[in-house]
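As stored in upload33.txt (compact mmCIF, C-alpha atoms):
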# COMPACT_ATOMS: atom_id res chain seq x y z
CA MET A 982 -22.20 35.65 27.15
CA ASN A 983 -19.50 38.32 27.36
CA LEU A 984 -16.37 36.17 27.22
CA ASN A 985 -13.27 36.52 25.08
CA ARG A 986 -10.36 34.18 24.55
CA ARG A 987 -7.93 36.17 26.68
CA ASP A 988 -10.31 36.25 29.65
CA PHE A 989 -10.87 32.52 29.34
CA LEU A 990 -7.18 31.66 29.19
CA THR A 991 -6.37 33.99 32.08
CA ALA A 992 -8.95 32.25 34.23
CA CYS A 993 -7.74 28.80 33.18
CA LEU A 994 -4.14 29.65 33.99
CA ALA A 995 -5.11 31.06 37.36
CA ALA A 996 -6.94 27.81 38.06
CA GLY A 997 -3.78 25.84 37.36
CA GLY A 998 -3.62 24.81 33.71
CA SER A 999 -4.23 25.73 30.10
CA ALA A 1000 -1.81 23.50 28.23
CA GLY A 1001 -4.41 22.15 25.84
CA LEU A 1002 -5.62 25.55 24.64
CA ALA A 1003 -2.59 27.72 25.01
CA GLY A 1004 0.17 25.65 23.48
CA GLY A 1005 1.21 25.00 19.93
CA ALA A 1006 1.08 26.74 16.61
CA GLY A 1007 -2.06 28.71 15.91
CA ALA A 1008 -3.19 28.67 19.53
CA TYR A 1009 -4.56 31.67 21.38
CA PRO A 1010 -1.89 34.07 22.67
CA LEU A 1011 -1.32 34.08 26.41
CA PRO A 1012 -1.63 37.24 28.47
CA PRO A 1013 1.75 38.96 28.98
CA GLY A 1014 3.84 37.51 31.78
CA LEU A 1015 2.03 34.18 31.90
CA ALA A 1016 3.48 30.93 30.59
CA ALA A 1017 1.42 27.85 29.86
CA PRO A 1018 2.43 24.84 31.97
CA GLY A 1019 3.34 21.62 30.26
CA SER A 1020 2.01 18.21 31.18
CA GLU A 1021 3.88 18.20 34.49
CA GLY A 1022 2.21 21.47 35.47
CA PHE A 1023 -1.29 20.47 34.45
CA PRO A 1024 -3.52 19.82 37.50
CA TRP A 1025 -4.52 16.27 36.60
CA ARG A 1026 -5.42 15.26 40.15
CA ARG A 1027 -7.52 18.37 40.63
CA PHE A 1028 -9.65 17.48 37.62
CA GLY A 1029 -9.90 13.89 38.79
CA ASP A 1030 -11.12 15.01 42.19
CA LEU A 1031 -13.64 17.30 40.52
CA LEU A 1032 -15.06 14.47 38.40
CA ARG A 1033 -15.19 12.08 41.33
CA ALA A 1034 -17.06 14.70 43.37
CA ARG A 1035 -19.65 15.12 40.60
CA PHE A 1036 -20.07 11.57 39.31
CA ARG A 1037 -20.13 8.12 40.86
CA ASP A 1038 -17.98 6.47 38.17
CA PRO A 1039 -15.89 8.92 36.09
CA ARG A 1040 -14.63 6.21 33.72
CA ARG A 1041 -18.21 6.00 32.36
CA HIS A 1042 -17.69 9.52 31.03
CA PHE A 1043 -14.91 8.45 28.63
CA VAL A 1044 -16.19 6.64 25.55
CA PHE A 1045 -14.26 4.87 22.78
CA ASP A 1046 -15.78 5.12 19.29
CA TYR A 1047 -15.80 1.45 18.26
CA TYR A 1048 -16.15 -0.17 14.80
CA PRO A 1049 -17.50 -3.73 14.49
CA TRP A 1050 -17.39 -3.74 10.69
CA TYR A 1051 -14.33 -5.92 9.93
CA ALA A 1052 -14.46 -9.46 8.54
CA ALA A 1053 -11.91 -12.02 7.42
CA ASP A 1054 -13.89 -14.70 5.55
CA PRO A 1055 -14.40 -13.06 3.13
CA PHE A 1056 -12.46 -9.92 3.94
CA ARG A 1057 -14.57 -6.87 4.67
CA HIS A 1058 -13.51 -3.25 5.22
CA TRP A 1059 -9.85 -4.24 5.13
CA THR A 1060 -10.31 -4.11 1.34
CA ALA A 1061 -11.30 -0.41 1.13
CA TRP A 1062 -9.79 1.66 -1.67
CA ASP A 1063 -8.34 -1.31 -3.56
CA ARG A 1064 -6.38 -2.97 -0.77
CA VAL A 1065 -5.76 -6.73 -0.95
CA PRO A 1066 -5.62 -8.43 2.49
CA PRO A 1067 -4.21 -10.12 4.46
CA VAL A 1068 -0.87 -8.35 3.92
CA ASP A 1069 -2.13 -5.24 2.13
CA LEU A 1070 -4.76 -3.64 4.42
CA ALA A 1071 -6.87 -0.48 4.32
CA ALA A 1072 -4.71 1.03 7.05
CA ASN A 1073 -1.43 2.91 7.24
CA THR A 1074 -0.33 0.76 10.18
CA MET A 1075 -0.56 -3.00 10.52
CA PRO A 1076 -2.76 -3.99 13.51
CA LEU A 1077 -1.23 -6.23 16.15
CA LEU A 1078 -4.10 -8.67 15.48
CA GLY A 1079 -3.69 -8.45 11.69
CA ALA A 1080 -6.74 -8.44 9.42
CA TYR A 1081 -9.11 -9.61 12.14
CA ASP A 1082 -12.82 -10.43 12.15
CA SER A 1083 -15.18 -8.42 14.38
CA ARG A 1084 -17.30 -11.55 14.80
CA SER A 1085 -14.47 -13.44 16.53
CA ARG A 1086 -14.98 -13.84 20.26
CA ALA A 1087 -11.21 -14.04 20.78
CA VAL A 1088 -10.77 -10.70 19.01
CA VAL A 1089 -13.54 -8.97 20.96
CA GLU A 1090 -12.17 -10.44 24.22
CA ARG A 1091 -8.77 -8.92 23.44
CA HIS A 1092 -10.41 -5.58 22.66
CA ALA A 1093 -12.38 -5.64 25.90
CA ARG A 1094 -9.28 -6.34 27.97
CA TRP A 1095 -7.41 -3.47 26.32
CA ILE A 1096 -10.31 -1.08 26.84
CA ALA A 1097 -10.78 -2.05 30.47
CA GLU A 1098 -7.05 -1.72 31.16
CA SER A 1099 -7.02 1.76 29.60
CA GLY A 1100 -9.44 3.10 32.19
CA VAL A 1101 -12.27 3.72 29.69
CA GLY A 1102 -15.70 2.41 30.69
CA VAL A 1103 -17.88 2.71 27.57
CA ILE A 1104 -17.78 1.95 23.84
CA ASN A 1105 -19.85 3.73 21.21
CA MET A 1106 -20.59 1.21 18.45
CA SER A 1107 -20.90 2.18 14.81
CA TRP A 1108 -24.37 1.02 13.70
CA TRP A 1109 -25.63 0.83 10.11
CA GLY A 1110 -29.30 -0.11 10.45
CA GLN A 1111 -31.44 -3.03 11.50
CA GLY A 1112 -30.18 -6.35 10.13
CA SER A 1113 -26.88 -4.88 8.92
CA PHE A 1114 -23.48 -6.51 9.43
CA SER A 1115 -22.79 -4.20 12.37
CA ASP A 1116 -26.21 -4.91 13.88
CA ARG A 1117 -25.58 -8.66 13.75
CA ALA A 1118 -22.25 -8.11 15.56
CA VAL A 1119 -23.87 -6.36 18.53
CA PRO A 1120 -24.93 -9.40 20.63
CA LEU A 1121 -21.42 -10.89 20.74
CA VAL A 1122 -19.77 -7.54 21.43
CA MET A 1123 -22.22 -6.77 24.24
CA ASP A 1124 -21.82 -10.24 25.78
CA VAL A 1125 -18.05 -9.81 25.95
CA MET A 1126 -18.12 -6.18 27.07
CA ALA A 1127 -20.56 -7.06 29.86
CA ASP A 1128 -18.07 -9.66 31.12
CA HIS A 1129 -15.47 -6.87 31.42
CA ASP A 1130 -17.78 -4.26 32.99
CA ILE A 1131 -17.79 -2.10 29.87
CA GLN A 1132 -21.03 -0.44 28.82
CA VAL A 1133 -22.24 -0.01 25.24
CA THR A 1134 -24.00 2.73 23.33
CA PHE A 1135 -24.41 3.48 19.61
CA HIS A 1136 -23.67 6.03 16.95
CA LEU A 1137 -26.18 5.91 14.11
CA GLU A 1138 -24.47 6.11 10.74
CA PRO A 1139 -25.93 7.52 7.48
CA TYR A 1140 -26.89 4.10 6.17
CA SER A 1141 -29.74 5.11 3.81
CA LEU A 1142 -31.33 8.20 2.27
CA ASP A 1143 -34.52 7.66 4.30
CA ARG A 1144 -32.76 7.08 7.60
CA VAL A 1145 -34.17 10.27 9.17
CA SER A 1146 -37.77 9.06 8.87
CA ARG A 1147 -36.62 5.72 10.30
CA PHE A 1148 -34.57 7.31 13.06
CA PRO A 1149 -37.19 7.07 15.87
CA GLU A 1150 -37.88 3.41 15.11
CA ASP A 1151 -34.14 2.70 14.96
CA VAL A 1152 -33.53 4.17 18.41
CA LEU A 1153 -36.54 2.33 19.84
CA TYR A 1154 -35.21 -0.90 18.29
CA LEU A 1155 -31.81 -0.38 19.94
CA LEU A 1156 -33.43 0.35 23.30
CA ARG A 1157 -35.67 -2.72 23.13
CA GLN A 1158 -33.31 -5.20 21.48
CA TYR A 1159 -30.08 -4.37 23.29
CA GLY A 1160 -31.42 -2.73 26.42
CA GLU A 1161 -34.76 -4.05 27.63
CA ARG A 1162 -34.40 -7.61 26.29
CA ARG A 1163 -30.97 -7.90 27.92
CA ARG A 1164 -32.32 -6.37 31.14
CA TRP A 1165 -30.03 -3.40 30.54
CA ASP A 1166 -27.01 -5.52 31.51
CA CYS A 1167 -24.47 -3.24 29.83
CA PHE A 1168 -26.51 -0.59 28.01
CA PHE A 1169 -24.93 2.80 28.67
CA PHE A 1170 -26.88 5.28 30.78
CA HIS A 1171 -25.13 8.61 31.02
CA GLU A 1172 -25.15 10.14 34.48
CA ARG A 1173 -25.47 13.89 34.89
CA ASP A 1174 -24.43 15.92 37.91
CA GLY A 1175 -27.08 15.22 40.54
CA GLY A 1176 -27.53 11.56 39.63
CA SER A 1177 -30.09 11.66 36.78
CA GLN A 1178 -29.45 9.09 34.05
CA GLY A 1179 -30.47 8.34 30.50
CA PRO A 1180 -29.27 6.91 27.17
CA VAL A 1181 -27.07 8.85 24.74
CA PHE A 1182 -27.05 8.40 20.96
CA LYS A 1183 -24.63 10.04 18.56
CA LEU A 1184 -25.81 10.88 15.02
CA PHE A 1185 -23.70 11.35 11.90
CA ARG A 1186 -24.33 13.72 8.96
CA THR A 1187 -27.25 15.53 10.56
CA THR A 1188 -26.64 19.14 9.53
CA LEU A 1189 -25.48 19.06 5.94
CA PRO A 1190 -25.52 21.95 3.47
CA GLN A 1191 -28.15 21.54 0.79
CA ARG A 1192 -25.65 22.23 -1.99
CA LEU A 1193 -21.88 22.17 -2.42
CA GLU A 1194 -19.63 23.60 -5.11
CA ASP A 1195 -16.95 21.16 -6.25
CA CYS A 1196 -13.40 21.93 -7.35
CA HIS A 1197 -14.61 22.55 -10.92
CA GLY A 1198 -17.13 25.18 -9.81
CA ILE A 1199 -20.10 22.85 -10.34
CA VAL A 1200 -22.83 23.20 -7.71
CA GLN A 1201 -24.35 19.89 -6.71
CA THR A 1202 -27.24 19.00 -4.42
CA LEU A 1203 -26.32 16.57 -1.65
CA PRO A 1204 -28.59 13.53 -1.93
CA ASP A 1205 -28.72 12.98 1.85
CA TYR A 1206 -29.47 16.58 2.81
CA VAL A 1207 -32.42 16.80 5.20
CA PRO A 1208 -33.90 20.11 6.41
CA ASP A 1209 -33.45 20.86 10.09
CA SER A 1210 -37.23 20.94 10.48
CA GLU A 1211 -37.47 17.26 9.46
CA TRP A 1212 -34.83 16.28 12.02
CA ARG A 1213 -36.79 18.21 14.65
CA ARG A 1214 -40.04 16.49 13.73
CA GLU A 1215 -38.49 13.02 14.03
CA ALA A 1216 -36.58 13.88 17.21
CA ASP A 1217 -39.83 15.12 18.77
CA ARG A 1218 -41.58 11.92 17.68
CA LEU A 1219 -38.88 9.86 19.37
CA ARG A 1220 -39.08 11.85 22.59
CA GLU A 1221 -42.86 11.38 22.71
CA ALA A 1222 -42.36 7.62 22.39
CA VAL A 1223 -39.99 7.41 25.39
CA VAL A 1224 -41.43 10.15 27.62
CA GLY A 1225 -41.33 9.02 31.24
CA ASP A 1226 -39.03 6.07 30.53
CA PHE A 1227 -35.75 7.84 31.39
CA ASP A 1228 -34.59 10.90 33.29
CA HIS A 1229 -33.34 12.27 29.98
CA LEU A 1230 -32.57 11.20 26.41
CA THR A 1231 -29.48 12.87 24.90
CA LEU A 1232 -29.10 13.13 21.12
CA LEU A 1233 -25.71 14.37 19.93
CA SER A 1234 -24.67 15.45 16.44
CA ASP A 1235 -21.15 15.07 15.07
CA THR A 1236 -21.23 18.63 13.72
CA SER A 1237 -19.70 21.77 15.23
CA ASP A 1238 -22.71 23.89 14.19
CA ALA A 1239 -24.58 24.16 17.48
CA GLU A 1240 -27.17 26.59 16.13
CA ARG A 1241 -28.34 24.12 13.50
CA VAL A 1242 -28.25 21.31 16.05
CA ALA A 1243 -30.59 23.34 18.24
CA ALA A 1244 -32.87 23.96 15.25
CA SER A 1245 -32.87 20.21 14.58
CA GLY A 1246 -34.27 19.42 18.03
CA LEU A 1247 -31.13 17.63 19.22
CA ASP A 1248 -29.30 18.19 22.51
CA GLY A 1249 -25.73 18.97 21.66
CA ILE A 1250 -22.61 18.62 19.55
CA SER A 1251 -19.98 15.90 19.76
CA VAL A 1252 -17.38 16.85 17.19
CA TYR A 1253 -15.85 13.76 15.57
CA ASP A 1254 -13.32 14.90 12.99
CA PRO A 1255 -9.70 15.06 14.26
CA VAL A 1256 -9.02 17.64 11.53
CA ASP A 1257 -10.57 20.35 13.71
CA THR A 1258 -7.82 22.28 15.48
CA LEU A 1259 -8.01 22.95 19.19
CA ASP A 1260 -8.08 26.72 18.80
CA ARG A 1261 -11.59 26.39 17.32
CA TRP A 1262 -13.04 24.38 20.20
CA LEU A 1263 -13.56 27.37 22.48
CA ASP A 1264 -15.60 29.10 19.77
CA TYR A 1265 -17.74 25.98 19.32
CA ALA A 1266 -18.24 25.71 23.10
CA LEU A 1267 -19.22 29.36 23.37
CA VAL A 1268 -21.86 29.08 20.65
CA ALA A 1269 -23.18 25.80 22.08
CA SER A 1270 -23.46 27.37 25.52
CA ARG A 1271 -25.27 30.40 24.11
CA VAL A 1272 -27.94 28.31 22.36
CA GLY A 1273 -28.39 25.83 25.22
CA MET A 1274 -26.57 22.87 23.67
CA VAL A 1275 -24.12 20.58 25.48
CA PHE A 1276 -20.77 19.94 23.81
CA SER A 1277 -18.02 17.34 23.61
CA PHE A 1278 -14.79 17.15 21.66
CA PRO A 1279 -12.71 14.10 20.63
CA ILE A 1280 -9.63 12.90 22.39
CA ASN A 1281 -7.57 11.81 19.37
CA PRO A 1282 -4.00 11.20 18.16
CA GLY A 1283 -4.49 13.15 14.93
CA LEU A 1284 -5.01 11.68 11.46
CA ASP A 1285 -3.03 9.25 9.29
CA GLU A 1286 -5.57 8.32 6.63
CA ILE A 1287 -5.01 5.89 3.77
CA GLU A 1288 -4.91 7.28 0.24
CA ARG A 1289 -7.01 6.12 -2.67
CA ARG A 1290 -4.97 4.18 -5.18
CA VAL A 1291 -7.40 4.57 -8.06
CA VAL A 1292 -8.54 8.13 -8.75
CA ALA A 1293 -10.68 8.92 -11.78
CA PRO A 1294 -9.40 11.65 -14.14
CA GLY A 1295 -10.82 15.01 -13.13
CA SER A 1296 -11.72 13.82 -9.65
CA CYS A 1297 -11.83 16.41 -6.85
CA TYR A 1298 -10.35 13.88 -4.44
CA ARG A 1299 -7.29 15.08 -2.54
CA PRO A 1300 -5.53 13.00 0.13
CA ARG A 1301 -5.92 14.39 3.62
CA PRO A 1302 -2.60 15.40 5.20
CA PHE A 1303 -1.06 13.77 8.24
CA LEU A 1304 -2.10 15.54 11.45
CA PRO A 1305 -0.83 17.18 13.57
CA ARG A 1306 0.76 19.03 10.66
CA THR A 1307 4.50 18.72 10.35
CA ALA A 1308 7.20 18.64 7.68
CA ASP A 1309 6.84 15.83 5.16
CA LEU A 1310 7.59 12.50 6.77
CA ALA A 1311 9.59 9.76 5.05
CA TRP A 1312 7.88 6.66 6.41
CA SER A 1313 10.83 4.46 5.50
CA ARG A 1314 12.90 6.31 8.14
CA ASP A 1315 12.80 5.09 11.74
CA ALA A 1316 13.32 8.65 13.00
CA ASP A 1317 10.31 10.00 11.08
CA ARG A 1318 8.03 7.25 12.35
CA GLU A 1319 9.11 8.14 15.89
CA THR A 1320 8.41 11.81 15.14
CA ALA A 1321 4.88 10.81 14.17
CA ARG A 1322 4.59 8.90 17.42
CA ALA A 1323 5.63 11.94 19.48
CA LEU A 1324 3.13 14.16 17.66
CA ALA A 1325 0.31 11.68 18.25
CA GLU A 1326 1.14 11.46 21.96
CA GLN A 1327 1.11 15.24 22.30
CA ARG A 1328 -2.18 15.48 20.41
CA THR A 1329 -3.76 12.95 22.78
CA GLU A 1330 -2.56 14.96 25.76
CA ASP A 1331 -3.69 18.31 24.34
CA THR A 1332 -7.16 17.08 23.39
CA LEU A 1333 -7.73 15.48 26.79
CA GLN A 1334 -6.62 18.62 28.63
CA SER A 1335 -8.81 20.81 26.42
CA ASN A 1336 -11.86 18.67 27.13
CA LEU A 1337 -11.23 18.89 30.86
CA LEU A 1338 -10.83 22.67 30.73
CA LEU A 1339 -13.82 23.39 28.49
CA GLN A 1340 -16.30 20.89 29.88
CA THR A 1341 -15.74 21.82 33.54
CA HIS A 1342 -15.42 25.58 33.23
CA PRO A 1343 -18.28 27.40 35.01
CA TRP A 1344 -18.44 30.09 32.32
CA LEU A 1345 -19.54 27.50 29.77
CA GLY A 1346 -22.82 25.61 29.53
CA ASN A 1347 -21.93 21.99 30.34
CA VAL A 1348 -21.60 22.69 34.06
CA ASP A 1349 -25.09 24.22 34.27
CA LYS A 1350 -26.52 21.14 32.58
CA GLY A 1351 -24.49 18.73 34.72
CA PHE A 1352 -22.97 17.27 31.55
CA PHE A 1353 -19.50 15.77 31.05
CA LEU A 1354 -18.82 13.23 28.30
CA VAL A 1355 -15.70 12.68 26.19
CA HIS A 1356 -15.61 10.56 23.06
CA ILE A 1357 -12.24 9.06 22.12
CA THR A 1358 -11.72 8.92 18.36
CA SER A 1359 -11.22 6.05 18.03
CA PHE A 1360 -10.53 2.56 19.30
CA ASN A 1361 -10.26 0.92 15.88
CA GLU A 1362 -11.03 3.13 12.87
CA TRP A 1363 -7.93 1.95 11.02
CA HIS A 1364 -8.70 3.63 7.66
CA GLU A 1365 -8.43 7.14 9.11
CA GLY A 1366 -5.45 6.24 11.29
CA HIS A 1367 -6.70 7.60 14.61
CA GLN A 1368 -7.03 4.21 16.31
CA TYR A 1369 -5.77 3.51 19.83
CA GLU A 1370 -5.94 -0.25 19.33
CA PRO A 1371 -2.34 -1.57 19.40
CA MET A 1372 -0.42 -2.01 16.17
CA LYS A 1373 2.47 -4.32 15.49
CA ASP A 1374 5.86 -3.15 16.71
CA GLY A 1375 7.85 -1.85 13.77
CA SER A 1376 10.51 -4.53 14.19
CA ALA A 1377 7.84 -7.25 14.02
CA LEU A 1378 6.67 -6.37 10.50
CA THR A 1379 7.33 -9.08 7.94
CA PRO A 1380 9.34 -8.31 4.79
CA ALA A 1381 6.08 -8.33 2.79
CA GLU A 1382 4.49 -5.87 5.22
CA ARG A 1383 7.56 -3.63 5.10
CA ALA A 1384 7.22 -3.55 1.33
CA ILE A 1385 3.73 -2.08 1.69
CA GLY A 1386 5.23 0.89 3.52
CA TYR A 1387 3.36 0.73 6.82
CA HIS A 1388 3.94 3.51 9.35
CA ASN A 1389 4.30 1.32 12.47
CA PRO A 1390 6.61 2.83 15.11
CA GLU A 1391 8.89 0.72 17.26
CA ASP A 1392 6.33 0.53 20.10
CA GLY A 1393 3.01 -0.41 18.52
CA ALA A 1394 1.04 -0.10 21.77
CA TYR A 1395 2.21 3.42 22.59
CA ARG A 1396 -1.11 5.18 21.96
CA LEU A 1397 -3.21 3.03 24.28
CA ARG A 1398 -0.48 2.99 26.92
CA HIS A 1399 -0.15 6.78 26.84
CA LEU A 1400 -3.91 7.31 27.06
CA ALA A 1401 -4.08 4.92 30.03
CA ASP A 1402 -1.25 6.79 31.73
CA LEU A 1403 -3.00 10.16 31.29
CA LEU A 1404 -6.32 8.88 32.63
CA ALA A 1405 -4.52 7.29 35.58
CA ARG A 1406 -3.00 10.67 36.51
CA MET A 1407 -6.48 11.84 37.41
How would this structure read if it were set down as structure tokens?
Amino acid sequence: MNLNRRDFLTACLAAGGSAGLAGGAGAYPLPPGLAAPGSEGFPWRRFGDLLRARFRDPRRHFVFDYYPWYAADPFRHWTAWDRVPPVDLAANTMPLLGAYDSRSRAVVERHARWIAESGVGVINMSWWGQGSFSDRAVPLVMDVMADHDIQVTFHLEPYSLDRVSRFPEDVLYLLRQYGERRRWDCFFFHERDGGSQGPVFKLFRTTLPQRLEDCHGIVQTLPDYVPDSEWRREADRLREAVVGDFDHLTLLSDTSDAERVAASGLDGISVYDPVDTLDRWLDYALVASRVGMVFSFPINPGLDEIERRVVAPGSCYRPRPFLPRTADLAWSRDADRETARALAEQRTEDTLQSNLLLQTHPWLGNVDKGFFLVHITSFNEWHEGHQYEPMKDGSALTPAERAIGYHNPEDGAYRLRHLADLLARM
């Protein structure tokens, strides 16, 4: 495909918008004489009309990554990296619901209402194997989501070293247990342009390097490395087991390496990590299109990850910086917390616009395959700080919570409200 960045941006601008790709530090330079429109100039309604013309229910093409791994009796996941709930949580912001339990119907009901009100129609549940804590949470979550017309799919986590050989049976289990046995009441079937439908599964840590060199120069073999050929063998085995059952089965990897995804027998990339900058997404989309893979990128507010409190001497651990990158923030200052809020809002807007531009552009491969799907990272991954689930308002923090140093802004629901506003513009 003979396409360069300047050609792509010129075409996007002529079509009425390039704010997501052309704005901000490190972005591609615009052709002389052209200025990138801001949010007010972005053709939101045009993209909405395009999606409505292609798909029966566009909200089913926006998917929240969802984590059902929290517990309160005893505490689970809120305790990561030496935190001590209920005041001291594994999060840089205090949730509006506090240290909640994913097995609480009242909690899941609140989540479902928020998701439905945001305009998103699907959740992608983190799943850690048959019989796991997350697996046992699925029936309740699906019952509640079904009541709110929200569909459910799964991302398969790296829960064991032999998970690749178990991967076909895991997917068949999810299809039987939470699809067929429930008469497919809220199991997500992704619609492609033309009306064909089929399930989508997202896979984590699929294309790892065999070895990595650490900060001390020591080369180590990754214990969960699996050759691409083994992934292909198991993916082929799964496809043989479901042949004829669906119009298509879509297997997405969280990597950006589309060439290895193709070698692994999967269908496309769905980049997860908010650390990836937007100026790299076009390159990823170009490679994916060249090798016949579909692609998706994460709507996200950036990153505000907790730091480890106990670090062994000589460890290579380094805290990940706040994203989008900015000058050091003093979290005790109201003004700096509001700066972080503004950056997160802009990041949400930029990542949504970039997805719309890349996934609907006729020069790239998603249009030929009739594919459009956007994952939103995330609804409630509190440890990494990219959650859209509402936090407490800053003024509502207790003195004990203030002493922890939480980053809550004055409006704790701003992320979800802003996302809902952007989706409504379409």
* Between CA of Gly1246 in chain A and CA of Ala1222 in chain A, what is the distance, to one decimal in Å? -> 15.0 Å
* Asked: With only C-alpha atoms as the basis for distance, which of A:Met1407, A:Ala1087, A:Val1122, A:Ala1216 is at the shortest distance from Arg1147 in chain A?
  -> A:Ala1216
* Skip Phe1303 in chain A itself and residues of its chain fewer than 4 positions away, then list as JSON, numbers by chain all residues within 8 Å of it, counting only C-alpha atoms. => {"A": [1283, 1284, 1285, 1286, 1307]}
* Provide the CA of Trp1059 in chain A to CA of Tyr1081 in chain A distance in Å, to one decimal place. => 8.9 Å
* To do: Give me the residues within 12 Å of Gln1158 in chain A as a ChimeraX atom specification, counting only C-alpha atoms and dropping any in the same chain fewer than 5 places off.
  => /A:1111-1112,1116-1117,1119-1120,1123,1150-1153,1163-1166,1168
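Neighbouring residues of Leu1324 in chain A at 12 Å or closer, counting all atoms listed in the file and skipping chain neighbours under 5 positions away, are Gly1005, Asn1281, Pro1282, Gly1283, Leu1284, Asp1285, Phe1303, Leu1304, Pro1305, Arg1306, Thr1307, Ala1308, Leu1310, Asp1317, Arg1318, Glu1319, Thr1329, Glu1330, Asp1331, Tyr1395 and Arg1396 of chain A.
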Output the selection as a PDB file, in the frame of the given file - C-alpha atoms for each residue.
ATOM      1  CA  GLY A1005       1.210  25.000  19.930  1.00  0.00           C
ATOM      2  CA  ASN A1281      -7.570  11.810  19.370  1.00  0.00           C
ATOM      3  CA  PRO A1282      -4.000  11.200  18.160  1.00  0.00           C
ATOM      4  CA  GLY A1283      -4.490  13.150  14.930  1.00  0.00           C
ATOM      5  CA  LEU A1284      -5.010  11.680  11.460  1.00  0.00           C
ATOM      6  CA  ASP A1285      -3.030   9.250   9.290  1.00  0.00           C
ATOM      7  CA  PHE A1303      -1.060  13.770   8.240  1.00  0.00           C
ATOM      8  CA  LEU A1304      -2.100  15.540  11.450  1.00  0.00           C
ATOM      9  CA  PRO A1305      -0.830  17.180  13.570  1.00  0.00           C
ATOM     10  CA  ARG A1306       0.760  19.030  10.660  1.00  0.00           C
ATOM     11  CA  THR A1307       4.500  18.720  10.350  1.00  0.00           C
ATOM     12  CA  ALA A1308       7.200  18.640   7.680  1.00  0.00           C
ATOM     13  CA  LEU A1310       7.590  12.500   6.770  1.00  0.00           C
ATOM     14  CA  ASP A1317      10.310  10.000  11.080  1.00  0.00           C
ATOM     15  CA  ARG A1318       8.030   7.250  12.350  1.00  0.00           C
ATOM     16  CA  GLU A1319       9.110   8.140  15.890  1.00  0.00           C
ATOM     17  CA  THR A1329      -3.760  12.950  22.780  1.00  0.00           C
ATOM     18  CA  GLU A1330      -2.560  14.960  25.760  1.00  0.00           C
ATOM     19  CA  ASP A1331      -3.690  18.310  24.340  1.00  0.00           C
ATOM     20  CA  TYR A1395       2.210   3.420  22.590  1.00  0.00           C
ATOM     21  CA  ARG A1396      -1.110   5.180  21.960  1.00  0.00           C
TER      22      ARG A1396
END
* Between CA of Phe1182 in chain A and CA of Glu1138 in chain A, what is the distance, to one decimal in Å? -> 10.8 Å
* Using all atoms listed in the file, determine which residues lie at most 9 Å from Met1126 in chain A, disregarding the query and same-chain residues fewer than 4 positions distant; provide the list as a ChimeraX atom specification. => /A:1089-1090,1092-1094,1103-1104,1121-1122,1130-1133,1167
* Ser1115 in chain A environment, 6 Å, all atoms listed in the file, sequence neighbours closer than 4 positions dropped, as a list in words -> Pro1049, Trp1050 and Trp1108 of chain A
* Counting only C-alpha atoms, figure out which residue out of A:Val1200, A:Asp1174, A:Ser1210, A:Asn1073 gets nearest to His1388 in chain A. =>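 Smallest distance to His1388 in chain A is found for A:Asn1073.
With distances restricted to only C-alpha atoms, A:Val1223 is the closest residue to Leu1156 in chain A from A:Ala1061, A:Val1223, A:Val1207, A:Ala1097.
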* **Nearest residue to Glu1211 in chain A from the set A:His1129, A:Arg1144, A:His1058, A:His1042 (distances using all atoms listed in the file)** => A:Arg1144
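Distances here use all atoms listed in the file; by that measure, the residue among A:Met1075, A:Leu1189, A:Val1101, A:Leu1263 closest to Trp1344 in chain A is A:Leu1263.
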* Residue nearest Ala1072 in chain A among A:Thr1060, A:Ser1234, A:Asn1336, A:Ser1177 (counting only C-alpha atoms) ->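 Result for the nearest residue to Ala1072 in chain A: A:Thr1060.
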Only N, CA and C atoms needed: put range 1127-1134 of chain A from the block into a file as a PDB file, in the first residue's frame.
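Written out: part_2.pdb:
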ATOM      1  N   ALA A1127     -27.969  -8.087  31.136  1.00  0.00           N
ATOM      2  CA  ALA A1127     -29.102  -8.417  30.268  1.00  0.00           C
ATOM      3  C   ALA A1127     -30.314  -7.555  30.594  1.00  0.00           C
ATOM      4  N   ASP A1128     -30.523  -7.268  31.882  1.00  0.00           N
ATOM      5  CA  ASP A1128     -31.650  -6.425  32.290  1.00  0.00           C
ATOM      6  C   ASP A1128     -31.524  -5.007  31.748  1.00  0.00           C
ATOM      7  N   HIS A1129     -30.283  -4.594  31.435  1.00  0.00           N
ATOM      8  CA  HIS A1129     -30.037  -3.226  30.961  1.00  0.00           C
ATOM      9  C   HIS A1129     -29.673  -3.196  29.478  1.00  0.00           C
ATOM     10  N   ASP A1130     -29.925  -4.274  28.776  1.00  0.00           N
ATOM     11  CA  ASP A1130     -29.662  -4.362  27.336  1.00  0.00           C
ATOM     12  C   ASP A1130     -28.196  -4.112  27.003  1.00  0.00           C
ATOM     13  N   ILE A1131     -27.328  -4.666  27.818  1.00  0.00           N
ATOM     14  CA  ILE A1131     -25.886  -4.586  27.577  1.00  0.00           C
ATOM     15  C   ILE A1131     -25.383  -5.993  27.290  1.00  0.00           C
ATOM     16  N   GLN A1132     -24.640  -6.154  26.227  1.00  0.00           N
ATOM     17  CA  GLN A1132     -24.123  -7.469  25.862  1.00  0.00           C
ATOM     18  C   GLN A1132     -22.744  -7.692  26.468  1.00  0.00           C
ATOM     19  N   VAL A1133     -22.336  -8.970  26.516  1.00  0.00           N
ATOM     20  CA  VAL A1133     -21.125  -9.356  27.236  1.00  0.00           C
ATOM     21  C   VAL A1133     -20.244 -10.225  26.358  1.00  0.00           C
ATOM     22  N   THR A1134     -18.957  -9.922  26.343  1.00  0.00           N
ATOM     23  CA  THR A1134     -17.954 -10.785  25.744  1.00  0.00           C
ATOM     24  C   THR A1134     -16.785 -10.897  26.717  1.00  0.00           C
TER      25      THR A1134
END
